[in-house]
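start_39.txt (compact mmCIF, N, CA and C atoms) appears below.
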```
# COMPACT_ATOMS: atom_id res chain seq x y z
N MET I 1 38.50 -257.81 -116.14
CA MET I 1 39.42 -257.06 -116.99
C MET I 1 39.79 -257.96 -118.17
N ASN I 2 39.76 -257.40 -119.36
CA ASN I 2 40.16 -258.21 -120.51
C ASN I 2 41.69 -258.29 -120.60
N ALA I 3 42.16 -259.14 -121.45
CA ALA I 3 43.59 -259.46 -121.51
C ALA I 3 44.45 -258.31 -122.02
N GLN I 4 43.93 -257.45 -122.88
CA GLN I 4 44.77 -256.43 -123.50
C GLN I 4 45.41 -255.46 -122.50
N PRO I 5 44.65 -254.87 -121.56
CA PRO I 5 45.31 -253.98 -120.60
C PRO I 5 46.34 -254.71 -119.73
N ILE I 6 46.04 -255.96 -119.40
CA ILE I 6 46.99 -256.74 -118.61
C ILE I 6 48.30 -256.92 -119.37
N GLU I 7 48.19 -257.27 -120.65
CA GLU I 7 49.38 -257.45 -121.48
C GLU I 7 50.17 -256.15 -121.62
N ILE I 8 49.46 -255.04 -121.77
CA ILE I 8 50.13 -253.75 -121.92
C ILE I 8 50.87 -253.39 -120.63
N ALA I 9 50.21 -253.56 -119.49
CA ALA I 9 50.86 -253.24 -118.21
C ALA I 9 52.10 -254.11 -118.02
N GLU I 10 51.99 -255.39 -118.29
CA GLU I 10 53.14 -256.27 -118.11
C GLU I 10 54.26 -255.91 -119.08
N SER I 11 53.92 -255.56 -120.32
CA SER I 11 54.96 -255.19 -121.28
C SER I 11 55.66 -253.90 -120.84
N CYS I 12 54.92 -252.99 -120.22
CA CYS I 12 55.54 -251.75 -119.72
C CYS I 12 56.49 -252.05 -118.56
N LEU I 13 56.07 -252.91 -117.65
CA LEU I 13 56.95 -253.29 -116.54
C LEU I 13 58.22 -253.95 -117.06
N ARG I 14 58.06 -254.92 -117.94
CA ARG I 14 59.24 -255.62 -118.48
C ARG I 14 60.10 -254.68 -119.33
N GLY I 15 59.45 -253.72 -120.01
CA GLY I 15 60.19 -252.72 -120.78
C GLY I 15 61.04 -251.83 -119.89
N ALA I 16 60.51 -251.48 -118.72
CA ALA I 16 61.30 -250.70 -117.75
C ALA I 16 62.46 -251.52 -117.24
N GLU I 17 62.17 -252.75 -116.83
CA GLU I 17 63.21 -253.59 -116.23
C GLU I 17 64.31 -253.97 -117.22
N SER I 18 63.98 -254.03 -118.51
CA SER I 18 64.99 -254.36 -119.52
C SER I 18 65.59 -253.13 -120.18
N ASN I 19 65.14 -251.94 -119.76
CA ASN I 19 65.60 -250.66 -120.32
C ASN I 19 65.27 -250.50 -121.79
N SER I 20 64.20 -251.17 -122.24
CA SER I 20 63.79 -251.05 -123.64
C SER I 20 62.68 -250.02 -123.85
N MET I 21 62.15 -249.47 -122.74
CA MET I 21 61.13 -248.42 -122.81
C MET I 21 61.48 -247.32 -121.82
N SER I 22 61.27 -246.07 -122.24
CA SER I 22 61.51 -244.93 -121.36
C SER I 22 60.27 -244.65 -120.52
N PHE I 23 60.45 -243.86 -119.46
CA PHE I 23 59.32 -243.49 -118.61
C PHE I 23 58.22 -242.80 -119.41
N PRO I 24 58.54 -241.81 -120.27
CA PRO I 24 57.46 -241.18 -121.05
C PRO I 24 56.72 -242.18 -121.96
N GLU I 25 57.44 -243.13 -122.54
CA GLU I 25 56.79 -244.14 -123.38
C GLU I 25 55.84 -245.00 -122.54
N ILE I 26 56.30 -245.39 -121.36
CA ILE I 26 55.49 -246.22 -120.47
C ILE I 26 54.23 -245.49 -120.04
N VAL I 27 54.37 -244.25 -119.62
CA VAL I 27 53.21 -243.46 -119.20
C VAL I 27 52.21 -243.34 -120.34
N GLY I 28 52.69 -243.05 -121.55
CA GLY I 28 51.80 -242.92 -122.71
C GLY I 28 51.02 -244.19 -123.00
N LYS I 29 51.71 -245.33 -123.00
CA LYS I 29 51.04 -246.61 -123.28
C LYS I 29 50.02 -246.95 -122.20
N LEU I 30 50.40 -246.74 -120.94
CA LEU I 30 49.48 -247.07 -119.86
C LEU I 30 48.24 -246.17 -119.89
N MET I 31 48.43 -244.89 -120.14
CA MET I 31 47.29 -243.98 -120.21
C MET I 31 46.37 -244.36 -121.37
N GLN I 32 46.96 -244.67 -122.49
CA GLN I 32 46.17 -245.06 -123.67
C GLN I 32 45.35 -246.32 -123.40
N ALA I 33 45.87 -247.21 -122.55
CA ALA I 33 45.17 -248.46 -122.22
C ALA I 33 44.14 -248.28 -121.10
N GLY I 34 44.01 -247.05 -120.56
CA GLY I 34 42.99 -246.80 -119.55
C GLY I 34 43.47 -246.85 -118.11
N PHE I 35 44.79 -246.89 -117.90
CA PHE I 35 45.32 -246.88 -116.54
C PHE I 35 45.43 -245.45 -116.04
N GLU I 36 45.25 -245.26 -114.72
CA GLU I 36 45.38 -243.93 -114.14
C GLU I 36 46.61 -243.79 -113.25
N SER I 37 47.17 -244.94 -112.80
CA SER I 37 48.34 -244.87 -111.93
C SER I 37 48.94 -246.26 -111.79
N TYR I 38 50.11 -246.28 -111.17
CA TYR I 38 50.71 -247.55 -110.77
C TYR I 38 51.56 -247.34 -109.54
N ALA I 39 51.80 -248.45 -108.83
CA ALA I 39 52.57 -248.40 -107.59
C ALA I 39 53.62 -249.50 -107.62
N ILE I 40 54.82 -249.15 -107.20
CA ILE I 40 55.92 -250.10 -107.07
C ILE I 40 56.20 -250.28 -105.58
N ASP I 41 56.21 -251.53 -105.13
CA ASP I 41 56.49 -251.86 -103.73
C ASP I 41 57.78 -252.66 -103.70
N PHE I 42 58.86 -252.04 -103.24
CA PHE I 42 60.16 -252.73 -103.20
C PHE I 42 60.19 -253.83 -102.15
N ARG I 43 59.45 -253.67 -101.07
CA ARG I 43 59.48 -254.69 -100.01
C ARG I 43 58.81 -255.99 -100.45
N ARG I 44 57.76 -255.89 -101.23
CA ARG I 44 57.05 -257.08 -101.71
C ARG I 44 57.48 -257.48 -103.11
N ALA I 45 58.27 -256.64 -103.77
CA ALA I 45 58.70 -256.88 -105.15
C ALA I 45 57.48 -257.03 -106.06
N THR I 46 56.59 -256.02 -105.99
CA THR I 46 55.39 -256.03 -106.83
C THR I 46 55.18 -254.68 -107.51
N ALA I 47 54.45 -254.76 -108.62
CA ALA I 47 53.99 -253.57 -109.32
C ALA I 47 52.49 -253.73 -109.49
N THR I 48 51.72 -252.72 -109.07
CA THR I 48 50.27 -252.74 -109.18
C THR I 48 49.85 -251.63 -110.13
N TYR I 49 49.03 -251.98 -111.12
CA TYR I 49 48.55 -251.03 -112.12
C TYR I 49 47.05 -250.85 -111.93
N TYR I 50 46.61 -249.60 -111.84
CA TYR I 50 45.23 -249.27 -111.52
C TYR I 50 44.53 -248.66 -112.74
N LEU I 51 43.41 -249.27 -113.13
CA LEU I 51 42.59 -248.74 -114.21
C LEU I 51 41.64 -247.69 -113.66
N THR I 52 41.12 -246.85 -114.53
CA THR I 52 40.21 -245.79 -114.09
C THR I 52 38.88 -246.33 -113.59
N ASP I 53 38.53 -247.58 -113.95
CA ASP I 53 37.26 -248.15 -113.49
C ASP I 53 37.38 -248.86 -112.13
N GLY I 54 38.55 -248.76 -111.50
CA GLY I 54 38.74 -249.35 -110.18
C GLY I 54 39.40 -250.72 -110.19
N GLU I 55 39.51 -251.34 -111.35
CA GLU I 55 40.19 -252.64 -111.41
C GLU I 55 41.70 -252.43 -111.35
N SER I 56 42.40 -253.49 -110.96
CA SER I 56 43.85 -253.42 -110.91
C SER I 56 44.45 -254.77 -111.24
N VAL I 57 45.72 -254.75 -111.55
CA VAL I 57 46.46 -255.96 -111.83
C VAL I 57 47.82 -255.85 -111.15
N VAL I 58 48.31 -256.96 -110.60
CA VAL I 58 49.56 -256.97 -109.85
C VAL I 58 50.53 -257.95 -110.52
N PHE I 59 51.79 -257.53 -110.64
CA PHE I 59 52.85 -258.37 -111.19
C PHE I 59 54.01 -258.42 -110.22
N SER I 60 54.74 -259.51 -110.27
CA SER I 60 56.01 -259.59 -109.53
C SER I 60 57.05 -258.80 -110.30
N THR I 61 57.92 -258.14 -109.56
CA THR I 61 59.03 -257.42 -110.18
C THR I 61 60.32 -258.15 -109.84
N HIS I 62 61.42 -257.67 -110.41
CA HIS I 62 62.71 -258.21 -110.01
C HIS I 62 62.88 -257.97 -108.51
N ARG I 63 63.27 -258.98 -107.78
CA ARG I 63 63.54 -258.80 -106.35
C ARG I 63 64.98 -258.36 -106.22
N LEU I 64 65.16 -257.15 -105.75
CA LEU I 64 66.50 -256.60 -105.56
C LEU I 64 66.98 -256.93 -104.16
N GLU I 65 68.19 -257.35 -104.06
CA GLU I 65 68.74 -257.74 -102.76
C GLU I 65 69.28 -256.54 -101.97
N ALA I 66 69.13 -255.36 -102.55
CA ALA I 66 69.60 -254.15 -101.87
C ALA I 66 68.73 -253.87 -100.65
N PRO I 67 69.35 -253.51 -99.54
CA PRO I 67 68.55 -253.15 -98.36
C PRO I 67 67.89 -251.77 -98.55
N ILE I 68 66.77 -251.59 -97.90
CA ILE I 68 66.10 -250.29 -97.88
C ILE I 68 66.55 -249.57 -96.62
N ALA I 69 67.17 -248.42 -96.79
CA ALA I 69 67.64 -247.65 -95.63
C ALA I 69 66.47 -247.33 -94.70
N PRO I 70 66.73 -247.17 -93.41
CA PRO I 70 65.65 -246.97 -92.44
C PRO I 70 64.91 -245.64 -92.58
N THR I 71 65.56 -244.60 -93.13
CA THR I 71 64.89 -243.31 -93.29
C THR I 71 65.08 -242.83 -94.73
N LEU I 72 64.12 -242.06 -95.19
CA LEU I 72 64.16 -241.54 -96.55
C LEU I 72 65.12 -240.36 -96.64
N ASP I 73 66.10 -240.49 -97.52
CA ASP I 73 67.06 -239.42 -97.79
C ASP I 73 66.67 -238.81 -99.13
N THR I 74 65.97 -237.68 -99.09
CA THR I 74 65.44 -237.10 -100.32
C THR I 74 66.54 -236.65 -101.27
N ASN I 75 67.72 -236.34 -100.75
CA ASN I 75 68.82 -235.96 -101.66
C ASN I 75 69.22 -237.13 -102.53
N ILE I 76 69.30 -238.32 -101.96
CA ILE I 76 69.65 -239.51 -102.74
C ILE I 76 68.55 -239.81 -103.75
N VAL I 77 67.31 -239.73 -103.31
CA VAL I 77 66.18 -240.00 -104.20
C VAL I 77 66.16 -238.99 -105.34
N ARG I 78 66.31 -237.72 -105.05
CA ARG I 78 66.32 -236.69 -106.10
C ARG I 78 67.46 -236.90 -107.09
N THR I 79 68.63 -237.26 -106.59
CA THR I 79 69.77 -237.49 -107.48
C THR I 79 69.48 -238.64 -108.43
N ALA I 80 68.91 -239.72 -107.92
CA ALA I 80 68.56 -240.87 -108.77
C ALA I 80 67.50 -240.48 -109.81
N ILE I 81 66.53 -239.66 -109.41
CA ILE I 81 65.50 -239.20 -110.34
C ILE I 81 66.12 -238.36 -111.45
N ARG I 82 67.01 -237.44 -111.09
CA ARG I 82 67.66 -236.58 -112.10
C ARG I 82 68.48 -237.42 -113.09
N GLU I 83 69.17 -238.43 -112.58
CA GLU I 83 69.92 -239.32 -113.48
C GLU I 83 68.98 -240.00 -114.47
N ALA I 84 67.82 -240.42 -113.98
CA ALA I 84 66.84 -241.06 -114.86
C ALA I 84 66.30 -240.07 -115.88
N GLN I 85 65.95 -238.88 -115.44
CA GLN I 85 65.39 -237.87 -116.34
C GLN I 85 66.37 -237.46 -117.42
N GLN I 86 67.65 -237.47 -117.09
CA GLN I 86 68.68 -237.04 -118.04
C GLN I 86 69.29 -238.22 -118.80
N SER I 87 68.78 -239.42 -118.57
CA SER I 87 69.36 -240.64 -119.17
C SER I 87 70.87 -240.62 -119.03
N ALA I 88 71.32 -240.45 -117.80
CA ALA I 88 72.75 -240.38 -117.50
C ALA I 88 73.47 -241.61 -118.03
N PRO I 89 74.73 -241.46 -118.43
CA PRO I 89 75.48 -242.62 -118.91
C PRO I 89 75.44 -243.76 -117.89
N GLY I 90 75.14 -244.95 -118.37
CA GLY I 90 75.08 -246.11 -117.50
C GLY I 90 73.76 -246.28 -116.77
N TYR I 91 72.80 -245.37 -117.00
CA TYR I 91 71.51 -245.47 -116.32
C TYR I 91 70.80 -246.77 -116.68
N THR I 92 70.25 -247.42 -115.66
CA THR I 92 69.32 -248.53 -115.84
C THR I 92 68.20 -248.36 -114.82
N TYR I 93 67.04 -248.89 -115.15
CA TYR I 93 65.93 -248.80 -114.20
C TYR I 93 66.25 -249.58 -112.92
N LEU I 94 66.82 -250.77 -113.05
CA LEU I 94 67.14 -251.55 -111.85
C LEU I 94 68.22 -250.85 -111.02
N GLY I 95 69.16 -250.17 -111.66
CA GLY I 95 70.14 -249.37 -110.94
C GLY I 95 69.46 -248.22 -110.20
N PHE I 96 68.49 -247.59 -110.86
CA PHE I 96 67.69 -246.53 -110.22
C PHE I 96 67.01 -247.07 -108.97
N CYS I 97 66.38 -248.25 -109.09
CA CYS I 97 65.68 -248.84 -107.95
C CYS I 97 66.65 -249.10 -106.80
N THR I 98 67.82 -249.63 -107.11
CA THR I 98 68.82 -249.90 -106.08
C THR I 98 69.24 -248.61 -105.38
N LYS I 99 69.41 -247.54 -106.16
CA LYS I 99 69.82 -246.25 -105.57
C LYS I 99 68.75 -245.67 -104.66
N VAL I 100 67.48 -245.68 -105.12
CA VAL I 100 66.45 -245.08 -104.27
C VAL I 100 66.21 -245.93 -103.02
N MET I 101 66.38 -247.25 -103.14
CA MET I 101 66.26 -248.11 -101.95
C MET I 101 67.36 -247.77 -100.95
N ALA I 102 68.57 -247.55 -101.44
CA ALA I 102 69.67 -247.15 -100.56
C ALA I 102 69.37 -245.80 -99.91
N GLY I 103 68.54 -245.01 -100.59
CA GLY I 103 68.10 -243.72 -100.05
C GLY I 103 66.85 -243.84 -99.19
N GLY I 104 66.46 -245.06 -98.83
CA GLY I 104 65.34 -245.25 -97.92
C GLY I 104 63.97 -245.35 -98.57
N CYS I 105 63.92 -245.47 -99.88
CA CYS I 105 62.63 -245.56 -100.56
C CYS I 105 62.10 -246.99 -100.51
N ALA I 106 60.92 -247.15 -99.93
CA ALA I 106 60.28 -248.47 -99.84
C ALA I 106 59.36 -248.72 -101.03
N GLY I 107 59.02 -247.65 -101.75
CA GLY I 107 58.17 -247.78 -102.92
C GLY I 107 57.75 -246.41 -103.43
N TYR I 108 57.01 -246.44 -104.52
CA TYR I 108 56.51 -245.17 -105.07
C TYR I 108 55.23 -245.39 -105.84
N VAL I 109 54.46 -244.31 -105.98
CA VAL I 109 53.20 -244.30 -106.72
C VAL I 109 53.33 -243.24 -107.80
N VAL I 110 52.93 -243.60 -109.02
CA VAL I 110 52.92 -242.65 -110.13
C VAL I 110 51.46 -242.37 -110.48
N SER I 111 51.07 -241.09 -110.45
CA SER I 111 49.72 -240.66 -110.81
C SER I 111 49.78 -239.92 -112.13
N PHE I 112 49.08 -240.44 -113.14
CA PHE I 112 49.10 -239.79 -114.45
C PHE I 112 48.29 -238.50 -114.43
N SER I 113 47.10 -238.52 -113.82
CA SER I 113 46.28 -237.31 -113.77
C SER I 113 46.91 -236.27 -112.85
N GLY I 114 47.57 -236.71 -111.79
CA GLY I 114 48.24 -235.79 -110.88
C GLY I 114 49.59 -235.32 -111.38
N ARG I 115 50.08 -235.99 -112.46
CA ARG I 115 51.37 -235.65 -113.08
C ARG I 115 52.49 -235.58 -112.05
N ARG I 116 52.54 -236.65 -111.22
CA ARG I 116 53.58 -236.69 -110.19
C ARG I 116 53.84 -238.13 -109.76
N ALA I 117 54.99 -238.29 -109.12
CA ALA I 117 55.33 -239.55 -108.46
C ALA I 117 55.57 -239.23 -106.99
N VAL I 118 55.09 -240.10 -106.13
CA VAL I 118 55.29 -239.93 -104.69
C VAL I 118 56.14 -241.11 -104.21
N TYR I 119 57.32 -240.80 -103.73
CA TYR I 119 58.25 -241.79 -103.19
C TYR I 119 58.06 -241.81 -101.68
N PHE I 120 58.00 -243.00 -101.08
CA PHE I 120 57.77 -243.07 -99.65
C PHE I 120 58.77 -244.00 -98.98
N GLY I 121 59.08 -243.64 -97.72
CA GLY I 121 60.03 -244.42 -96.93
C GLY I 121 59.32 -245.39 -96.01
N ARG I 122 60.12 -246.12 -95.26
CA ARG I 122 59.59 -247.15 -94.36
C ARG I 122 58.75 -246.57 -93.23
N THR I 123 58.97 -245.31 -92.87
CA THR I 123 58.17 -244.69 -91.82
C THR I 123 57.22 -243.63 -92.38
N ALA I 124 56.89 -243.80 -93.67
CA ALA I 124 55.92 -242.96 -94.38
C ALA I 124 56.39 -241.53 -94.67
N GLU I 125 57.70 -241.29 -94.62
CA GLU I 125 58.19 -240.02 -95.13
C GLU I 125 57.95 -240.03 -96.64
N THR I 126 57.78 -238.85 -97.23
CA THR I 126 57.52 -238.81 -98.66
C THR I 126 58.37 -237.76 -99.37
N HIS I 127 58.54 -238.01 -100.65
CA HIS I 127 59.11 -237.02 -101.56
C HIS I 127 58.19 -237.01 -102.78
N VAL I 128 57.64 -235.83 -103.11
CA VAL I 128 56.76 -235.69 -104.26
C VAL I 128 57.58 -235.11 -105.41
N GLU I 129 57.55 -235.80 -106.54
CA GLU I 129 58.30 -235.37 -107.72
C GLU I 129 57.33 -235.11 -108.86
N PRO I 130 57.10 -233.81 -109.19
CA PRO I 130 56.22 -233.50 -110.33
C PRO I 130 56.85 -234.00 -111.64
N PHE I 131 56.00 -234.37 -112.60
CA PHE I 131 56.53 -234.75 -113.91
C PHE I 131 57.25 -233.55 -114.50
N PRO I 132 58.32 -233.80 -115.25
CA PRO I 132 58.99 -232.68 -115.93
C PRO I 132 58.04 -232.03 -116.94
N GLN I 133 58.24 -230.77 -117.19
CA GLN I 133 57.38 -230.04 -118.15
C GLN I 133 57.62 -230.50 -119.56
```
Final structure tokens representation of the file:
Amino acid sequence: MNAQPIEIAESCLRGAESNSMSFPEIVGKLMQAGFESYAIDFRRATATYYLTDGESVVFSTHRLEAPIAPTLDTNIVRTAIREAQQSAPGYTYLGFCTKVMAGGCAGYVVSFSGRRAVYFGRTAETHVEPFPQ
């Protein structure tokens, strides 16, 4: 993999963590760079970005000290997603992560071609969130 997609993926991750890039901006940049999806793993504090040719790149994320609840509470996850979609006052990406972890989310996968995110719990419960229209 050449350096440009790696730099773009890392800039998108850091843009999310610093609240300097929105989700739609991140998706657009990653798609333009040839990525098809990415996965966030809260337990390992990693973000993996997958290119359409099968290559991938992994970065460390901020390690949040928030515990992951033992079961997935989709109401908590949905509420955090709605706050993000509406850019609720005080919204931050790291705050979003803390909220979904408290709701039992161990990680999530975003599929650009599938136009959805799949949030999963510690026992593989899932919540599928289609991209907004």
Handout entry: Backbone DSSP call of strand (DSSP E or B) for segment 53-102 of chain I, listed as a PyMOL selection string
Key = chain I and resi 56-60
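Those DNA, RNA and protein residues that approach the point (48.9, -247.7, -113.2) to within 8 Å, considering all atoms listed in the file, are Ala9, Leu30, Met31, Gly34, Phe35, Glu36, Ser37, Tyr38, Ala39, Ala47, Thr48, Tyr49, Tyr50, Leu51, Thr52, Ser56, Val57, Val110, Ser111 and Phe112 of chain I.
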Problem - Residues within 7 Å of Ala117 of chain I, all atoms listed in the file, excluding chain neighbours under 3 positions, as a PyMOL selection string - result: chain I and resi 108-111+114+127-131
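Note that the spacing between atom C of Ala88 of chain I and atom N of Glu17 of chain I amounts to 15.9 Å.
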Practice task
Could you tell me how far atom N of Arg116 of chain I lies from atom C of Ala66 of chain I, in Å and to one decimal?
Solution key: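 These atoms are spaced 25.9 Å apart.
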Practice task
Go ahead and compute the interatomic distance for atom C of Gln133 of chain I and atom C of Ala80 of chain I, in Å to one decimal.
Solution key: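 We find that atom C of Gln133 of chain I and atom C of Ala80 of chain I lie 17.1 Å from each other.
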Problem - From I:Ala84, I:Ala33, I:Leu72, I:Val27, residue lying nearest Ala124 of chain I [only C-alpha atoms] - result: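 Ranking I:Ala84, I:Ala33, I:Leu72, I:Val27 by distance to Ala124 of chain I, first place goes to I:Leu72.
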Practice task
Find the residues around Gly121 of chain I up to 7 Å (only C-alpha atoms counted), leave out those fewer than 4 positions away in its own chain, and share them as a count of residues only.
Solution key: 7
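With distances taken over all atoms listed in the file, I:Asn19 is the one residue among I:Tyr119, I:Pro132, I:Asn19, I:Val77 lying closest to Leu94 of chain I.
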Exercise for the section: Can you list, as a count of residues only, all residues belonging to segment 17-133 of chain I that DSSP tags as helix (DSSP H, G or I)? Expected result: 33
